[in-house]
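Undergrad: Before anything else, here's the structure in question.
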Amino acid sequence: MNLQYLSIPYLRTHRDEEVHNIRLSYELAGPQLGSAPIVLVCHALTGNSHVAEDGWWGTLIGRGKTIDTERYTILAFNIPGNAYDGIETDDPERYDVGDIARLFLEGLRLLGIESLYTIIGASLGGGIAWTIAALAPRLATQLIPVACDYRSNDWLLAQTLVQERILKHSAQPLEDARIHAMLCYRTPESLNERFAGRATRNPDKYDIVSWLEYHGDTLRRRFRLSAYAVMTYLTARIAAAPSVAELAHIESDIHIISITTDLLFPHSCALALHSELSQYKHNVSLHTIDSIHGHDAFLMEYPQLCTLLAPYF
């Protein structure tokens, strides 16, 4: 962890509240700022600013990798309240995705960054990336939203409602919320192929149950309940624009990456978005990760992801 900090003097939030002196943490990788093209990475729900080399997206970002830290400066902010920097919140609804995007834009301003080569993000981070681009349409040469959409769909809203109920009412909120989430991140085909109804370690417990319990316990040990509440709230409030037509003023080349079996951000939504947005913009493309693994394929199908991204880096 090599965290650095900025102080955002002021933000008026979606609740029309004034928040002052907001501490925004971030990490840099690669050449120093100003000496190479800059890639802004927006992290996912349980992710953080540590994205490169041995970070959570290190298979994609690092020395000699698809997004090469010898060629690009990598910048990633922590979403306030994710607690990676040790700062928790007692108000998970303080900021919405629009507020987070404005905080990140103010962070860029304080760092003296006037333009970016790329804004890239996956899942919740992709929704933030869409929102940044909508607010600053000339900021980046290219926008790459992965496994996401520019707004929260109804199915996603339903799943985040279940997550919020679990966090508020379960005796083991983090573990139980994570178990439910894993069933949204993967698909029936993925789990059935992997476990095949086996009980290999314990004859009284199916392997799928042990696996889910493991993921629940692992998250409990490495993540904060307050942070999970923040991220769940944000996931349900992705709203980069009121309509696809409003996205057309984004001047960046837009390369949408969708997953064929994504249960949270269905591929059908990506197809519809690309089709409609192409009516307004010529510089928009759609690329597909073909996988049985669902939403988590952006963390699993690296050969496909790297192949899709290589032409743009």
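Going by the structure tokens order, chains are called A, B, ..., each with residues numbered from 1, while ligands are numbered from 1 in the order shown.
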Could you pull out the strand (DSSP E or B) residues of range 219-303 of chain A, going by DSSP on the backbone, and write them as a list in words?

TA: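 Output for range 219-303 of chain A, strand (DSSP E or B) only: Ala239, Asp253, Ile254, His255, Ile256, Ile257, Ser258, Ile259, Val284, Ser285, Leu286, His287, Thr288 and Ile289 of chain A.
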
Undergrad: Please provide as an MDAnalysis selection string all residues within 7 Å of Ile238 in chain A, with the sequence filter that same-chain residues fewer than 2 positions apart are discarded (counting only C-alpha atoms).

TA: chainID A and resid 97 127 150:152 234:236 240

Undergrad: How would the residues just picked look written out with N, CA and C atoms as a PDB file, in the first residue's frame?

TA:
```pdb
ATOM      1  N   VAL A  97     -23.366   8.091  -6.607  1.00  0.00           N
ATOM      2  CA  VAL A  97     -22.321   7.903  -7.627  1.00  0.00           C
ATOM      3  C   VAL A  97     -21.937   9.227  -8.275  1.00  0.00           C
ATOM      4  N   GLY A 127     -19.696   1.994 -13.588  1.00  0.00           N
ATOM      5  CA  GLY A 127     -20.747   2.996 -13.453  1.00  0.00           C
ATOM      6  C   GLY A 127     -20.180   4.348 -13.082  1.00  0.00           C
ATOM      7  N   TYR A 150     -24.618   2.229 -17.676  1.00  0.00           N
ATOM      8  CA  TYR A 150     -24.592   3.632 -17.281  1.00  0.00           C
ATOM      9  C   TYR A 150     -25.652   3.950 -16.241  1.00  0.00           C
ATOM     10  N   ARG A 151     -26.524   2.980 -15.944  1.00  0.00           N
ATOM     11  CA  ARG A 151     -27.510   3.171 -14.882  1.00  0.00           C
ATOM     12  C   ARG A 151     -27.855   1.814 -14.277  1.00  0.00           C
ATOM     13  N   SER A 152     -28.325   1.847 -13.056  1.00  0.00           N
ATOM     14  CA  SER A 152     -28.715   0.618 -12.360  1.00  0.00           C
ATOM     15  C   SER A 152     -30.023   0.099 -12.950  1.00  0.00           C
ATOM     16  N   LEU A 234     -24.159   2.609  -3.248  1.00  0.00           N
ATOM     17  CA  LEU A 234     -23.711   3.199  -4.502  1.00  0.00           C
ATOM     18  C   LEU A 234     -24.116   2.356  -5.702  1.00  0.00           C
ATOM     19  N   THR A 235     -24.022   1.043  -5.570  1.00  0.00           N
ATOM     20  CA  THR A 235     -24.344   0.164  -6.689  1.00  0.00           C
ATOM     21  C   THR A 235     -25.786   0.359  -7.158  1.00  0.00           C
ATOM     22  N   ALA A 236     -26.649   0.675  -6.234  1.00  0.00           N
ATOM     23  CA  ALA A 236     -28.059   0.881  -6.577  1.00  0.00           C
ATOM     24  C   ALA A 236     -28.325   2.283  -7.101  1.00  0.00           C
ATOM     25  N   ALA A 240     -25.602   7.714 -14.648  1.00  0.00           N
ATOM     26  CA  ALA A 240     -24.707   8.635 -15.347  1.00  0.00           C
ATOM     27  C   ALA A 240     -25.474   9.657 -16.168  1.00  0.00           C
TER      28      ALA A 240
END
```

Undergrad: Between A:Ile166, A:Ala239, A:Ala181, A:Ile144, which one has atoms that come closest to Ile256 in chain A, using only C-alpha atoms?

TA: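 Comparing A:Ile166, A:Ala239, A:Ala181, A:Ile144 against Ile256 in chain A, the winner is A:Ile144.
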
Undergrad: Mind giving me the straight-line distance from CA of Leu139 in chain A to CA of Val39 in chain A in Å, one decimal?

TA: 11.5 Å

Undergrad: Counting only C-alpha atoms, which residue out of A:Cys148, A:Met300, A:Ala227, A:Cys306 sits closest to Ile67 in chain A?

TA: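 So, comparing all the options, the nearest one is A:Cys306.
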
Undergrad: Just to confirm, what's the straight-line distance from CA of Arg71 in chain A to CA of His50 in chain A in Å (one decimal)?

TA: 18.0 Å

Undergrad: What are the DSSP alpha helix (DSSP H) residues of range 78-308 of chain A, as a VMD selection string?

TA: chain A and resid 97 to 110 124 to 135 154 to 169 173 to 185 188 to 195 207 to 222 225 to 235 244 to 247 267 to 277 302 to 308

Undergrad: Please provide the set of residues having any atom within 9 Å of Ala270 in chain A, restricted to only C-alpha atoms, with same-chain residues fewer than 2 positions apart removed, written as a PyMOL selection string.

TA: chain A and resi 147-149+256-259+265-268+272-275+286

Undergrad: With only C-alpha atoms as the atoms that count, which of A:Val162, A:Ala248, A:Val146, A:Val230 lies nearest to Ala297 in chain A?

TA: A:Val146

Undergrad: With a distance cut-off of 12 Å and only C-alpha atoms, select the neighbouring residues of His20 in chain A, excluding the residue or stretch itself and same-chain residues fewer than 5 positions from it, and output the selection as a PyMOL selection string.

TA: chain A and resi 7-13+103

Undergrad: For range 57-64 of chain A, list every protein, DNA or RNA residue within 10 Å, evaluated using only C-alpha atoms, and leave out those in the same chain fewer than 3 positions away; present the list as a PyMOL selection string.

TA: chain A and resi 29-30+41+43+47-48+50-54+67-72+74+298-300+302-303+305-306+309-310

Undergrad: Please report the interatomic distance between CA of Thr46 in chain A and CA of Gly121 in chain A in Å with one decimal.

TA: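 One can read the CA of Thr46 in chain A to CA of Gly121 in chain A distance as 13.0 Å.
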
Undergrad: Extract, using only C-alpha atoms, all DNA, RNA and protein residues at most 12 Å from Leu191 in chain A, discarding same-chain residues fewer than 3 positions from it, and format them as a PDB file with all heavy atoms, in the first residue's frame.

TA:
```
ATOM      1  N   MET A 182     -22.383 -13.794  -4.085  1.00  0.00           N
ATOM      2  CA  MET A 182     -21.686 -14.757  -4.927  1.00  0.00           C
ATOM      3  C   MET A 182     -22.641 -15.452  -5.892  1.00  0.00           C
ATOM      4  O   MET A 182     -22.250 -15.848  -6.992  1.00  0.00           O
ATOM      5  CB  MET A 182     -20.954 -15.794  -4.077  1.00  0.00           C
ATOM      6  CG  MET A 182     -19.786 -15.248  -3.265  1.00  0.00           C
ATOM      7  SD  MET A 182     -18.533 -14.385  -4.245  1.00  0.00           S
ATOM      8  CE  MET A 182     -17.947 -15.708  -5.301  1.00  0.00           C
ATOM      9  N   LEU A 183     -23.892 -15.593  -5.501  1.00  0.00           N
ATOM     10  CA  LEU A 183     -24.883 -16.216  -6.375  1.00  0.00           C
ATOM     11  C   LEU A 183     -25.343 -15.264  -7.476  1.00  0.00           C
ATOM     12  O   LEU A 183     -25.967 -15.691  -8.445  1.00  0.00           O
ATOM     13  CB  LEU A 183     -26.088 -16.693  -5.555  1.00  0.00           C
ATOM     14  CG  LEU A 183     -25.749 -17.690  -4.446  1.00  0.00           C
ATOM     15  CD1 LEU A 183     -27.016 -18.101  -3.703  1.00  0.00           C
ATOM     16  CD2 LEU A 183     -25.036 -18.917  -5.000  1.00  0.00           C
ATOM     17  N   CYS A 184     -25.018 -13.971  -7.312  1.00  0.00           N
ATOM     18  CA  CYS A 184     -25.275 -13.002  -8.375  1.00  0.00           C
ATOM     19  C   CYS A 184     -24.053 -12.830  -9.266  1.00  0.00           C
ATOM     20  O   CYS A 184     -24.178 -12.510 -10.444  1.00  0.00           O
ATOM     21  CB  CYS A 184     -25.649 -11.646  -7.775  1.00  0.00           C
ATOM     22  SG  CYS A 184     -27.108 -11.654  -6.734  1.00  0.00           S
ATOM     23  N   TYR A 185     -22.864 -13.022  -8.684  1.00  0.00           N
ATOM     24  CA  TYR A 185     -21.630 -12.854  -9.454  1.00  0.00           C
ATOM     25  C   TYR A 185     -21.349 -14.053 -10.365  1.00  0.00           C
ATOM     26  O   TYR A 185     -20.625 -13.915 -11.355  1.00  0.00           O
ATOM     27  CB  TYR A 185     -20.432 -12.687  -8.513  1.00  0.00           C
ATOM     28  CG  TYR A 185     -20.512 -11.486  -7.604  1.00  0.00           C
ATOM     29  CD1 TYR A 185     -19.813 -11.468  -6.399  1.00  0.00           C
ATOM     30  CD2 TYR A 185     -21.268 -10.366  -7.942  1.00  0.00           C
ATOM     31  CE1 TYR A 185     -19.865 -10.371  -5.554  1.00  0.00           C
ATOM     32  CE2 TYR A 185     -21.331  -9.271  -7.101  1.00  0.00           C
ATOM     33  CZ  TYR A 185     -20.627  -9.273  -5.905  1.00  0.00           C
ATOM     34  OH  TYR A 185     -20.687  -8.189  -5.059  1.00  0.00           O
ATOM     35  N   ARG A 186     -21.848 -15.216 -10.019  1.00  0.00           N
ATOM     36  CA  ARG A 186     -21.650 -16.418 -10.829  1.00  0.00           C
ATOM     37  C   ARG A 186     -22.993 -16.848 -11.439  1.00  0.00           C
ATOM     38  O   ARG A 186     -24.030 -16.216 -11.220  1.00  0.00           O
ATOM     39  CB  ARG A 186     -21.076 -17.551  -9.963  1.00  0.00           C
ATOM     40  CG  ARG A 186     -19.755 -17.201  -9.292  1.00  0.00           C
ATOM     41  CD  ARG A 186     -18.619 -16.973 -10.275  1.00  0.00           C
ATOM     42  NE  ARG A 186     -17.404 -16.535  -9.585  1.00  0.00           N
ATOM     43  CZ  ARG A 186     -16.476 -17.359  -9.123  1.00  0.00           C
ATOM     44  NH1 ARG A 186     -16.621 -18.679  -9.270  1.00  0.00           N
ATOM     45  NH2 ARG A 186     -15.402 -16.889  -8.532  1.00  0.00           N
ATOM     46  N   THR A 187     -22.990 -17.938 -12.179  1.00  0.00           N
ATOM     47  CA  THR A 187     -24.200 -18.441 -12.828  1.00  0.00           C
ATOM     48  C   THR A 187     -24.458 -19.874 -12.373  1.00  0.00           C
ATOM     49  O   THR A 187     -23.550 -20.552 -11.870  1.00  0.00           O
ATOM     50  CB  THR A 187     -24.027 -18.447 -14.352  1.00  0.00           C
ATOM     51  OG1 THR A 187     -22.995 -19.382 -14.701  1.00  0.00           O
ATOM     52  CG2 THR A 187     -23.689 -17.068 -14.880  1.00  0.00           C
ATOM     53  N   PRO A 188     -25.679 -20.366 -12.560  1.00  0.00           N
ATOM     54  CA  PRO A 188     -25.939 -21.781 -12.259  1.00  0.00           C
ATOM     55  C   PRO A 188     -24.995 -22.713 -13.005  1.00  0.00           C
ATOM     56  O   PRO A 188     -24.494 -23.695 -12.441  1.00  0.00           O
ATOM     57  CB  PRO A 188     -27.387 -21.965 -12.705  1.00  0.00           C
ATOM     58  CG  PRO A 188     -28.008 -20.617 -12.564  1.00  0.00           C
ATOM     59  CD  PRO A 188     -26.916 -19.649 -12.936  1.00  0.00           C
ATOM     60  N   ARG A 194     -18.520 -26.565 -11.631  1.00  0.00           N
ATOM     61  CA  ARG A 194     -17.412 -26.612 -10.683  1.00  0.00           C
ATOM     62  C   ARG A 194     -17.628 -27.645  -9.581  1.00  0.00           C
ATOM     63  O   ARG A 194     -16.690 -28.358  -9.205  1.00  0.00           O
ATOM     64  CB  ARG A 194     -17.211 -25.233 -10.060  1.00  0.00           C
ATOM     65  CG  ARG A 194     -16.138 -25.228  -8.979  1.00  0.00           C
ATOM     66  CD  ARG A 194     -15.716 -23.851  -8.597  1.00  0.00           C
ATOM     67  NE  ARG A 194     -14.656 -23.861  -7.600  1.00  0.00           N
ATOM     68  CZ  ARG A 194     -13.970 -22.806  -7.203  1.00  0.00           C
ATOM     69  NH1 ARG A 194     -14.232 -21.624  -7.739  1.00  0.00           N
ATOM     70  NH2 ARG A 194     -13.021 -22.906  -6.288  1.00  0.00           N
ATOM     71  N   PHE A 195     -18.844 -27.732  -9.050  1.00  0.00           N
ATOM     72  CA  PHE A 195     -19.050 -28.545  -7.850  1.00  0.00           C
ATOM     73  C   PHE A 195     -19.778 -29.866  -8.107  1.00  0.00           C
ATOM     74  O   PHE A 195     -19.582 -30.830  -7.357  1.00  0.00           O
ATOM     75  CB  PHE A 195     -19.800 -27.726  -6.795  1.00  0.00           C
ATOM     76  CG  PHE A 195     -19.037 -26.519  -6.358  1.00  0.00           C
ATOM     77  CD1 PHE A 195     -19.409 -25.245  -6.775  1.00  0.00           C
ATOM     78  CD2 PHE A 195     -17.921 -26.642  -5.554  1.00  0.00           C
ATOM     79  CE1 PHE A 195     -18.700 -24.124  -6.383  1.00  0.00           C
ATOM     80  CE2 PHE A 195     -17.194 -25.529  -5.154  1.00  0.00           C
ATOM     81  CZ  PHE A 195     -17.584 -24.266  -5.574  1.00  0.00           C
ATOM     82  N   ALA A 196     -20.622 -29.905  -9.105  1.00  0.00           N
ATOM     83  CA  ALA A 196     -21.257 -31.169  -9.540  1.00  0.00           C
ATOM     84  C   ALA A 196     -21.890 -31.956  -8.383  1.00  0.00           C
ATOM     85  O   ALA A 196     -21.852 -33.181  -8.359  1.00  0.00           O
ATOM     86  CB  ALA A 196     -20.240 -32.045 -10.270  1.00  0.00           C
ATOM     87  N   GLY A 197     -22.439 -31.257  -7.416  1.00  0.00           N
ATOM     88  CA  GLY A 197     -23.143 -31.931  -6.330  1.00  0.00           C
ATOM     89  C   GLY A 197     -22.263 -32.727  -5.393  1.00  0.00           C
ATOM     90  O   GLY A 197     -22.744 -33.606  -4.666  1.00  0.00           O
ATOM     91  N   ARG A 198     -20.947 -32.434  -5.374  1.00  0.00           N
ATOM     92  CA  ARG A 198     -20.016 -33.225  -4.575  1.00  0.00           C
ATOM     93  C   ARG A 198     -19.976 -32.766  -3.113  1.00  0.00           C
ATOM     94  O   ARG A 198     -20.269 -31.615  -2.796  1.00  0.00           O
ATOM     95  CB  ARG A 198     -18.610 -33.141  -5.167  1.00  0.00           C
ATOM     96  CG  ARG A 198     -18.456 -33.798  -6.536  1.00  0.00           C
ATOM     97  CD  ARG A 198     -16.999 -33.788  -6.959  1.00  0.00           C
ATOM     98  NE  ARG A 198     -16.509 -32.429  -7.136  1.00  0.00           N
ATOM     99  CZ  ARG A 198     -16.506 -31.780  -8.296  1.00  0.00           C
ATOM    100  NH1 ARG A 198     -17.003 -32.363  -9.378  1.00  0.00           N
ATOM    101  NH2 ARG A 198     -16.025 -30.558  -8.390  1.00  0.00           N
ATOM    102  N   TYR A 206     -22.170 -30.202   1.345  1.00  0.00           N
ATOM    103  CA  TYR A 206     -21.835 -30.082  -0.068  1.00  0.00           C
ATOM    104  C   TYR A 206     -20.690 -29.090  -0.260  1.00  0.00           C
ATOM    105  O   TYR A 206     -20.565 -28.096   0.472  1.00  0.00           O
ATOM    106  CB  TYR A 206     -23.054 -29.630  -0.872  1.00  0.00           C
ATOM    107  CG  TYR A 206     -24.114 -30.695  -1.038  1.00  0.00           C
ATOM    108  CD1 TYR A 206     -25.340 -30.603  -0.384  1.00  0.00           C
ATOM    109  CD2 TYR A 206     -23.879 -31.811  -1.855  1.00  0.00           C
ATOM    110  CE1 TYR A 206     -26.313 -31.578  -0.535  1.00  0.00           C
ATOM    111  CE2 TYR A 206     -24.840 -32.786  -2.022  1.00  0.00           C
ATOM    112  CZ  TYR A 206     -26.056 -32.673  -1.347  1.00  0.00           C
ATOM    113  OH  TYR A 206     -27.000 -33.641  -1.505  1.00  0.00           O
ATOM    114  N   ASP A 207     -19.886 -29.342  -1.285  1.00  0.00           N
ATOM    115  CA  ASP A 207     -18.750 -28.471  -1.567  1.00  0.00           C
ATOM    116  C   ASP A 207     -19.193 -27.037  -1.845  1.00  0.00           C
ATOM    117  O   ASP A 207     -18.496 -26.087  -1.471  1.00  0.00           O
ATOM    118  CB  ASP A 207     -17.954 -29.000  -2.759  1.00  0.00           C
ATOM    119  CG  ASP A 207     -17.179 -30.270  -2.427  1.00  0.00           C
ATOM    120  OD1 ASP A 207     -17.171 -30.662  -1.243  1.00  0.00           O
ATOM    121  OD2 ASP A 207     -16.597 -30.861  -3.350  1.00  0.00           O
ATOM    122  N   ILE A 208     -20.329 -26.876  -2.509  1.00  0.00           N
ATOM    123  CA  ILE A 208     -20.808 -25.521  -2.798  1.00  0.00           C
ATOM    124  C   ILE A 208     -21.074 -24.762  -1.513  1.00  0.00           C
ATOM    125  O   ILE A 208     -20.777 -23.568  -1.401  1.00  0.00           O
ATOM    126  CB  ILE A 208     -22.083 -25.556  -3.685  1.00  0.00           C
ATOM    127  CG1 ILE A 208     -22.628 -24.141  -3.932  1.00  0.00           C
ATOM    128  CG2 ILE A 208     -23.174 -26.410  -3.062  1.00  0.00           C
ATOM    129  CD1 ILE A 208     -21.693 -23.217  -4.647  1.00  0.00           C
ATOM    130  N   VAL A 209     -21.592 -25.438  -0.481  1.00  0.00           N
ATOM    131  CA  VAL A 209     -21.861 -24.783   0.804  1.00  0.00           C
ATOM    132  C   VAL A 209     -20.553 -24.366   1.464  1.00  0.00           C
ATOM    133  O   VAL A 209     -20.418 -23.238   1.957  1.00  0.00           O
ATOM    134  CB  VAL A 209     -22.673 -25.709   1.727  1.00  0.00           C
ATOM    135  CG1 VAL A 209     -22.850 -25.080   3.107  1.00  0.00           C
ATOM    136  CG2 VAL A 209     -24.025 -26.028   1.110  1.00  0.00           C
ATOM    137  N   TRP A 211     -17.752 -23.726  -0.004  1.00  0.00           N
ATOM    138  CA  TRP A 211     -17.171 -22.647  -0.817  1.00  0.00           C
ATOM    139  C   TRP A 211     -17.827 -21.309  -0.497  1.00  0.00           C
ATOM    140  O   TRP A 211     -17.142 -20.302  -0.317  1.00  0.00           O
ATOM    141  CB  TRP A 211     -17.341 -23.007  -2.286  1.00  0.00           C
ATOM    142  CG  TRP A 211     -16.776 -22.041  -3.282  1.00  0.00           C
ATOM    143  CD1 TRP A 211     -15.470 -21.902  -3.653  1.00  0.00           C
ATOM    144  CD2 TRP A 211     -17.522 -21.099  -4.066  1.00  0.00           C
ATOM    145  NE1 TRP A 211     -15.345 -20.938  -4.629  1.00  0.00           N
ATOM    146  CE2 TRP A 211     -16.589 -20.434  -4.893  1.00  0.00           C
ATOM    147  CE3 TRP A 211     -18.870 -20.771  -4.159  1.00  0.00           C
ATOM    148  CZ2 TRP A 211     -16.977 -19.439  -5.793  1.00  0.00           C
ATOM    149  CZ3 TRP A 211     -19.257 -19.782  -5.050  1.00  0.00           C
ATOM    150  CH2 TRP A 211     -18.315 -19.121  -5.862  1.00  0.00           C
ATOM    151  N   LEU A 212     -19.139 -21.298  -0.398  1.00  0.00           N
ATOM    152  CA  LEU A 212     -19.852 -20.063  -0.082  1.00  0.00           C
ATOM    153  C   LEU A 212     -19.511 -19.581   1.325  1.00  0.00           C
ATOM    154  O   LEU A 212     -19.298 -18.381   1.553  1.00  0.00           O
ATOM    155  CB  LEU A 212     -21.361 -20.269  -0.220  1.00  0.00           C
ATOM    156  CG  LEU A 212     -21.878 -20.416  -1.653  1.00  0.00           C
ATOM    157  CD1 LEU A 212     -23.340 -20.867  -1.646  1.00  0.00           C
ATOM    158  CD2 LEU A 212     -21.730 -19.106  -2.425  1.00  0.00           C
ATOM    159  N   ILE A 292     -19.069 -18.864 -19.057  1.00  0.00           N
ATOM    160  CA  ILE A 292     -20.181 -19.400 -18.277  1.00  0.00           C
ATOM    161  C   ILE A 292     -20.196 -18.823 -16.868  1.00  0.00           C
ATOM    162  O   ILE A 292     -21.133 -19.081 -16.105  1.00  0.00           O
ATOM    163  CB  ILE A 292     -20.116 -20.945 -18.177  1.00  0.00           C
ATOM    164  CG1 ILE A 292     -18.912 -21.388 -17.320  1.00  0.00           C
ATOM    165  CG2 ILE A 292     -20.118 -21.588 -19.532  1.00  0.00           C
ATOM    166  CD1 ILE A 292     -18.981 -22.847 -16.923  1.00  0.00           C
ATOM    167  N   HIS A 293     -19.196 -18.026 -16.513  1.00  0.00           N
ATOM    168  CA  HIS A 293     -18.988 -17.653 -15.118  1.00  0.00           C
ATOM    169  C   HIS A 293     -19.730 -16.403 -14.669  1.00  0.00           C
ATOM    170  O   HIS A 293     -19.680 -16.037 -13.499  1.00  0.00           O
ATOM    171  CB  HIS A 293     -17.500 -17.496 -14.834  1.00  0.00           C
ATOM    172  CG  HIS A 293     -16.737 -18.764 -14.992  1.00  0.00           C
ATOM    173  ND1 HIS A 293     -17.031 -19.901 -14.281  1.00  0.00           N
ATOM    174  CD2 HIS A 293     -15.684 -19.080 -15.809  1.00  0.00           C
ATOM    175  CE1 HIS A 293     -16.207 -20.871 -14.634  1.00  0.00           C
ATOM    176  NE2 HIS A 293     -15.385 -20.398 -15.556  1.00  0.00           N
ATOM    177  N   GLY A 294     -20.429 -15.718 -15.560  1.00  0.00           N
ATOM    178  CA  GLY A 294     -21.229 -14.579 -15.154  1.00  0.00           C
ATOM    179  C   GLY A 294     -20.409 -13.333 -14.875  1.00  0.00           C
ATOM    180  O   GLY A 294     -19.334 -13.121 -15.440  1.00  0.00           O
TER     181      GLY A 294
END
```
